[in-house]
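S.K.: Dropping a structure here in structure tokens format, bear with me for questions.
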Amino acid sequence: MSIYSVLSDTSKKKFVVLVDPDKPSDEQILEIVERSKKVGVDFFFVGGSLLLTDSLDHCIKLIKTHCDIPVLIFPGDSLQISKWCDGFLLLSLISGRNSEMLIGRHVVAAPYLKLYGNEIIPTGYILVDGGRQTSVSYMSNTTPIPHDKDAIAMCTALAGEMLGLKVIYMDAGSGAIEPISNEMISKVKQTISIPLIVGGGIKTPEKAAEMAKAGADIIVVGNALEKSTEKLKEFADAVHNVQ
């Protein structure tokens with residue numbers, strides 16, 4: 001079964017743990033993996049806006065050695081490619097107007113992705129203002145969609161679907177002060193017919209459940225779990241229990 005067929009099955013909400021390869025130690029990664037297996041995490045996303053070490057391959061192989069949970073690369077740039085992953089979110093930053101993030105970096109990455117044979121998931125990536133400038137907005141040299149401009153988010157997501165992108169990923173960015181509003185999530189979901197991923201600034205299981213109820217098919221949490229995985233089960237249950 002393909003990764004996309006699982007992602008596109010919207011009959012059940014899915015919970016994703018985002019791992020920045022630079023941040024956790026091997027011991028911390030293994031702790032995350034063991035807890036994730038117990039609580040039924042659906043996917044791992046691996047990547048970061050800026051990697052300071054050559055840790056991507058090692059992180060992915062460490063995860064895959066100890067569990068069967070699919071690992072997808074959530075790339076911060078064209079260098080974040082690995083043959084060891086199960087799939088690759090090929091992000092087109094459709095909320096910005098930086099051509100490098102719309103197609104330029106993809107041209108560089110394409111021959112390597114073809115060589116490695118990773119499953120490619122064309123993804124419309126939408127940055128939403130989370131109350132502070134994040135690493136991804138700075139590194140991509142783009143302006144996020146304002147927090148309260150639901151119509152812009154709706155039209156951007158719809159355009160992405162019409163262009164043939166298979167998934168929409170709305171992100172407030174790592175360390176966002178404010179997560180994406182439930183109203184924006186709901187309106188975007190009503191506008192598109194492809195899976196909707198939401199991440200950034202999700203600090204509590206209750207907020208994760210609210211966003212899933214609003215229309216997010218897949219909830220991604222990273223920062224809230226970096227210091228402690230104690231609430232991993234609460235997050236997973238909160239998302240999975242939304243009907």
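Labels for the structure tokens follow display order: chains A, B, ..., residues from 1 in each chain, ligands from 1.
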What are the nearest atom pairs, with distances in Å to one decimal, for all residues of stretch 26-95 of chain A that come at most 10 Å from stretch 147-164 of chain A, using only C-alpha atoms, set out by chain and rising residue number as a tab-separated table?

M.R.:
```
residue	atom	partner	partner_atom	distance
A:Ser92	CA	A:Gly160	CA	8.9
A:Leu93	CA	A:Gly160	CA	9.7
A:Ile94	CA	A:Thr156	CA	6.9
A:Ser95	CA	A:Thr156	CA	6.6
```

S.K.: Could you take the residues named above and write them with N, CA, C and O atoms, as a short mmCIF file (atom, residue, chain, number, x, y, z; two decimals), in the first residue's frame?

M.R.:
```
data_model
loop_
_atom_site.label_atom_id
_atom_site.label_comp_id
_atom_site.auth_asym_id
_atom_site.auth_seq_id
_atom_site.Cartn_x
_atom_site.Cartn_y
_atom_site.Cartn_z
N SER A 92 5.85 22.58 -2.30
CA SER A 92 5.83 23.80 -3.09
C SER A 92 5.22 24.88 -2.21
O SER A 92 4.06 24.77 -1.80
N LEU A 93 6.00 25.91 -1.89
CA LEU A 93 5.57 26.94 -0.94
C LEU A 93 4.62 27.91 -1.65
O LEU A 93 5.00 29.00 -2.07
N ILE A 94 3.36 27.50 -1.74
CA ILE A 94 2.40 28.23 -2.56
C ILE A 94 1.86 29.49 -1.88
O ILE A 94 1.22 30.32 -2.54
N SER A 95 2.15 29.67 -0.59
CA SER A 95 1.71 30.90 0.08
C SER A 95 2.68 32.05 -0.18
O SER A 95 2.36 33.21 0.09
#
```

S.K.: Any idea what's packed within 12 Å of A:Glu27, counting only C-alpha atoms, ignoring anything in its chain fewer than 4 positions away? Could you give it as an MDAnalysis selection string?

M.R.: chainID A and resid 23 31:34 59 62:63

S.K.: Produce a file of the selected residues containing C-alpha atoms, as a PDB file, in the first residue's frame.

M.R.:
```pdb
ATOM      1  CA  LYS A  23      17.858  18.277  18.190  1.00  0.00           C
ATOM      2  CA  GLU A  31      12.360   6.982  23.529  1.00  0.00           C
ATOM      3  CA  ILE A  32      10.109   8.789  21.046  1.00  0.00           C
ATOM      4  CA  VAL A  33       9.996   5.689  18.833  1.00  0.00           C
ATOM      5  CA  GLU A  34       9.095   3.332  21.678  1.00  0.00           C
ATOM      6  CA  CYS A  59      18.035   9.778  12.250  1.00  0.00           C
ATOM      7  CA  LEU A  62      17.610   4.818  13.615  1.00  0.00           C
ATOM      8  CA  ILE A  63      13.834   5.244  13.543  1.00  0.00           C
TER       9      ILE A  63
END
```

S.K.: What is the atom CA of A:Phe15 to atom CA of A:Ser78 distance in Å?

M.R.: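 Interatomic distance, atom CA of A:Phe15 to atom CA of A:Ser78: 25.5 Å.
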
S.K.: If you measure from atom CA of A:Ile219 to atom CA of A:Lys189, what distance in Å do you get, rounded to one decimal?

M.R.: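 Rounded to one decimal, the two atoms are 13.5 Å apart.
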
S.K.: Could you state the separation of atom CA of A:Leu196 and atom CA of A:Gly76 in Å, given to one decimal place?

M.R.: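 For atom CA of A:Leu196 relative to atom CA of A:Gly76, the distance reads 19.3 Å.
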
S.K.: Would you mind writing down, as a ChimeraX atom specification, each residue of stretch 2-238 of chain A that DSSP on the backbone assigns to helix (DSSP H, G or I)?

M.R.: /A:3-7,26-39,56-66,99-116,135-140,150-162,182-191,205-214,223-226,232-238

S.K.: Could you go through stretch 22-235 of chain A and tell me which residues DSSP, when run on the backbone, assigns to strand (DSSP E), listing them as a VMD selection string?

M.R.: chain A and resid 43 to 46 71 to 73 87 to 93 119 to 127 167 to 171 196 to 199 218 to 221

S.K.: Name the residues in contact with A:Tyr138 at a cut-off of 12 Å, using only C-alpha atoms, excluding same-chain residues fewer than 2 positions from it; report them as a PyMOL selection string.

M.R.: chain A and resi 49-50+76+96+98+127+132-136+140-144+173-174

S.K.: Which of these, A:Gln80, A:Thr10, A:Thr229, A:Thr123, has the shortest distance to A:Ala216 once you count only C-alpha atoms?

M.R.: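 Distance minimum relative to A:Ala216 lands on A:Thr10.
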
S.K.: Which residues, written as a compact mmCIF listing (two decimals) with N, CA and C atoms, in the first residue's frame, have at least one atom at most 6 Å from stretch 175-188 of chain A, with only C-alpha atoms counted and residues fewer than 2 positions away on the same chain left out?

M.R.:
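Wrote around_34.txt, looks like this:
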```txt
# COMPACT_ATOMS: atom_id res chain seq x y z
N GLY A 130 2.01 32.94 12.71
CA GLY A 130 1.79 32.40 14.04
C GLY A 130 2.18 33.35 15.15
N GLY A 131 2.31 34.65 14.83
CA GLY A 131 2.60 35.62 15.87
C GLY A 131 4.06 35.98 16.03
N ASP A 150 -8.75 34.36 6.15
CA ASP A 150 -9.22 33.02 5.76
C ASP A 150 -9.40 32.89 4.25
N MET A 154 -7.97 30.02 1.77
CA MET A 154 -8.88 29.18 1.01
C MET A 154 -8.52 29.18 -0.47
N ALA A 172 1.94 26.94 10.88
CA ALA A 172 2.24 28.21 11.55
C ALA A 172 3.72 28.33 11.85
N GLY A 173 4.48 27.27 11.61
CA GLY A 173 5.92 27.29 11.82
C GLY A 173 6.32 26.79 13.20
N GLN A 190 -13.34 22.92 3.78
CA GLN A 190 -14.58 22.95 3.00
C GLN A 190 -14.33 23.32 1.54
N THR A 191 -13.18 23.93 1.26
CA THR A 191 -12.88 24.42 -0.08
C THR A 191 -12.18 23.38 -0.94
N GLY A 200 2.27 23.33 13.66
CA GLY A 200 2.81 24.59 14.13
C GLY A 200 2.07 25.18 15.31
N GLY A 201 2.73 25.30 16.43
CA GLY A 201 2.16 25.96 17.60
C GLY A 201 1.10 25.16 18.34
N ILE A 202 1.04 23.86 18.10
CA ILE A 202 0.04 23.01 18.77
C ILE A 202 0.64 22.52 20.08
N MET A 211 -8.47 21.19 16.40
CA MET A 211 -8.07 21.37 15.00
C MET A 211 -8.52 20.20 14.14
N ALA A 214 -12.10 20.67 13.54
CA ALA A 214 -12.34 21.76 12.61
C ALA A 214 -12.17 21.33 11.16
N GLY A 215 -11.42 20.23 10.95
CA GLY A 215 -11.27 19.75 9.57
C GLY A 215 -9.91 19.23 9.19
```

S.K.: Please list as an NGL selection string every residue within 12 Å of stretch 111-118 of chain A, counting only C-alpha atoms and excluding residues in the same chain fewer than 5 positions away.

M.R.: :A and (2-4 or 71-73 or 78-90 or 105-106)

S.K.: Name the closest residue to A:Pro195 among the candidates A:Met139, A:Leu7, A:Met1, A:Leu165; distances are taken between atoms, counting only C-alpha atoms.

M.R.: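 Residue with the minimum atom-to-atom distance to A:Pro195: A:Leu7.
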
S.K.: Rank A:Phe74, A:Pro21, A:Val108, A:Glu206 by their smallest atom-to-atom distance to A:Leu52, using only C-alpha atoms, and report the top residue only.

M.R.: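 Distance minimum relative to A:Leu52 lands on A:Pro21.
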
S.K.: Within 10 Å of A:Lys227, counting only C-alpha atoms, which residues show up once you throw out same-chain ones fewer than 3 positions away? Write them as a VMD selection string, please.

M.R.: chain A and resid 23 to 24 28 222 to 224 230

S.K.: Quick one: everything within 6 Å of stretch 38-44 of chain A, counting only C-alpha atoms, minus sequence neighbours fewer than 3 positions away in the same chain. Send it as a VMD selection string.

M.R.: chain A and resid 14 to 18 35 69 to 71 233

S.K.: Keeping only all heavy atoms, take the residues you just selected and write them out as a PDB file, in the first residue's frame.

M.R.:
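Result written to selection15.pdb:
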```pdb
ATOM      1  N   LYS A  14      -5.345  11.346  11.667  1.00  0.00           N
ATOM      2  CA  LYS A  14      -4.002  10.800  11.841  1.00  0.00           C
ATOM      3  C   LYS A  14      -3.118  11.759  12.629  1.00  0.00           C
ATOM      4  O   LYS A  14      -3.254  12.973  12.519  1.00  0.00           O
ATOM      5  CB  LYS A  14      -3.390  10.480  10.477  1.00  0.00           C
ATOM      6  CG  LYS A  14      -4.167   9.405   9.727  1.00  0.00           C
ATOM      7  CD  LYS A  14      -3.618   9.163   8.344  1.00  0.00           C
ATOM      8  CE  LYS A  14      -4.410   8.055   7.652  1.00  0.00           C
ATOM      9  NZ  LYS A  14      -5.837   8.430   7.463  1.00  0.00           N
ATOM     10  N   PHE A  15      -2.214  11.154  13.388  1.00  0.00           N
ATOM     11  CA  PHE A  15      -1.308  11.928  14.232  1.00  0.00           C
ATOM     12  C   PHE A  15       0.138  11.668  13.824  1.00  0.00           C
ATOM     13  O   PHE A  15       0.557  10.518  13.699  1.00  0.00           O
ATOM     14  CB  PHE A  15      -1.509  11.574  15.706  1.00  0.00           C
ATOM     15  CG  PHE A  15      -0.577  12.304  16.630  1.00  0.00           C
ATOM     16  CD1 PHE A  15      -0.643  13.681  16.752  1.00  0.00           C
ATOM     17  CD2 PHE A  15       0.367  11.616  17.374  1.00  0.00           C
ATOM     18  CE1 PHE A  15       0.225  14.360  17.599  1.00  0.00           C
ATOM     19  CE2 PHE A  15       1.226  12.290  18.230  1.00  0.00           C
ATOM     20  CZ  PHE A  15       1.154  13.663  18.334  1.00  0.00           C
ATOM     21  N   VAL A  16       0.886  12.766  13.635  1.00  0.00           N
ATOM     22  CA  VAL A  16       2.264  12.686  13.161  1.00  0.00           C
ATOM     23  C   VAL A  16       3.204  13.319  14.185  1.00  0.00           C
ATOM     24  O   VAL A  16       2.914  14.397  14.732  1.00  0.00           O
ATOM     25  CB  VAL A  16       2.422  13.423  11.814  1.00  0.00           C
ATOM     26  CG1 VAL A  16       3.885  13.465  11.378  1.00  0.00           C
ATOM     27  CG2 VAL A  16       1.568  12.764  10.736  1.00  0.00           C
ATOM     28  N   VAL A  17       4.327  12.672  14.421  1.00  0.00           N
ATOM     29  CA  VAL A  17       5.386  13.245  15.250  1.00  0.00           C
ATOM     30  C   VAL A  17       6.478  13.774  14.322  1.00  0.00           C
ATOM     31  O   VAL A  17       7.004  13.043  13.478  1.00  0.00           O
ATOM     32  CB  VAL A  17       5.976  12.200  16.217  1.00  0.00           C
ATOM     33  CG1 VAL A  17       7.211  12.758  16.925  1.00  0.00           C
ATOM     34  CG2 VAL A  17       4.934  11.777  17.241  1.00  0.00           C
ATOM     35  N   LEU A  18       6.784  15.063  14.475  1.00  0.00           N
ATOM     36  CA  LEU A  18       7.832  15.703  13.689  1.00  0.00           C
ATOM     37  C   LEU A  18       9.143  15.664  14.463  1.00  0.00           C
ATOM     38  O   LEU A  18       9.211  16.118  15.611  1.00  0.00           O
ATOM     39  CB  LEU A  18       7.441  17.157  13.388  1.00  0.00           C
ATOM     40  CG  LEU A  18       8.500  18.031  12.706  1.00  0.00           C
ATOM     41  CD1 LEU A  18       8.886  17.470  11.346  1.00  0.00           C
ATOM     42  CD2 LEU A  18       7.989  19.466  12.570  1.00  0.00           C
ATOM     43  N   ARG A  35       7.625   5.043  22.550  1.00  0.00           N
ATOM     44  CA  ARG A  35       6.324   5.575  22.964  1.00  0.00           C
ATOM     45  C   ARG A  35       5.369   5.676  21.776  1.00  0.00           C
ATOM     46  O   ARG A  35       4.168   5.440  21.910  1.00  0.00           O
ATOM     47  CB  ARG A  35       6.501   6.940  23.625  1.00  0.00           C
ATOM     48  CG  ARG A  35       7.105   6.879  25.026  1.00  0.00           C
ATOM     49  CD  ARG A  35       7.184   8.265  25.645  1.00  0.00           C
ATOM     50  NE  ARG A  35       7.738   8.234  26.995  1.00  0.00           N
ATOM     51  CZ  ARG A  35       7.014   8.143  28.093  1.00  0.00           C
ATOM     52  NH1 ARG A  35       5.700   8.061  28.010  1.00  0.00           N
ATOM     53  NH2 ARG A  35       7.593   8.128  29.290  1.00  0.00           N
ATOM     54  N   ILE A  69       6.693   2.229  11.688  1.00  0.00           N
ATOM     55  CA  ILE A  69       5.938   3.449  11.397  1.00  0.00           C
ATOM     56  C   ILE A  69       6.590   4.145  10.200  1.00  0.00           C
ATOM     57  O   ILE A  69       7.803   4.366  10.196  1.00  0.00           O
ATOM     58  CB  ILE A  69       5.920   4.391  12.610  1.00  0.00           C
ATOM     59  CG1 ILE A  69       5.256   3.708  13.805  1.00  0.00           C
ATOM     60  CG2 ILE A  69       5.193   5.700  12.273  1.00  0.00           C
ATOM     61  CD1 ILE A  69       5.386   4.479  15.112  1.00  0.00           C
ATOM     62  N   PRO A  70       5.827   4.475   9.168  1.00  0.00           N
ATOM     63  CA  PRO A  70       6.419   5.111   7.984  1.00  0.00           C
ATOM     64  C   PRO A  70       7.096   6.442   8.313  1.00  0.00           C
ATOM     65  O   PRO A  70       6.598   7.216   9.134  1.00  0.00           O
ATOM     66  CB  PRO A  70       5.216   5.328   7.058  1.00  0.00           C
ATOM     67  CG  PRO A  70       4.190   4.349   7.518  1.00  0.00           C
ATOM     68  CD  PRO A  70       4.380   4.228   8.999  1.00  0.00           C
ATOM     69  N   VAL A  71       8.236   6.670   7.652  1.00  0.00           N
ATOM     70  CA  VAL A  71       9.013   7.891   7.848  1.00  0.00           C
ATOM     71  C   VAL A  71       9.009   8.700   6.556  1.00  0.00           C
ATOM     72  O   VAL A  71       9.439   8.208   5.503  1.00  0.00           O
ATOM     73  CB  VAL A  71      10.467   7.575   8.255  1.00  0.00           C
ATOM     74  CG1 VAL A  71      11.266   8.857   8.419  1.00  0.00           C
ATOM     75  CG2 VAL A  71      10.501   6.753   9.535  1.00  0.00           C
ATOM     76  N   LYS A 233       0.948  10.126  24.395  1.00  0.00           N
ATOM     77  CA  LYS A 233      -0.285   9.337  24.353  1.00  0.00           C
ATOM     78  C   LYS A 233      -1.514  10.234  24.359  1.00  0.00           C
ATOM     79  O   LYS A 233      -2.487   9.981  23.636  1.00  0.00           O
ATOM     80  CB  LYS A 233      -0.345   8.357  25.529  1.00  0.00           C
ATOM     81  CG  LYS A 233      -1.566   7.430  25.488  1.00  0.00           C
ATOM     82  CD  LYS A 233      -1.578   6.462  26.648  1.00  0.00           C
ATOM     83  CE  LYS A 233      -2.657   5.399  26.507  1.00  0.00           C
ATOM     84  NZ  LYS A 233      -3.993   5.950  26.198  1.00  0.00           N
TER      85      LYS A 233
END
```
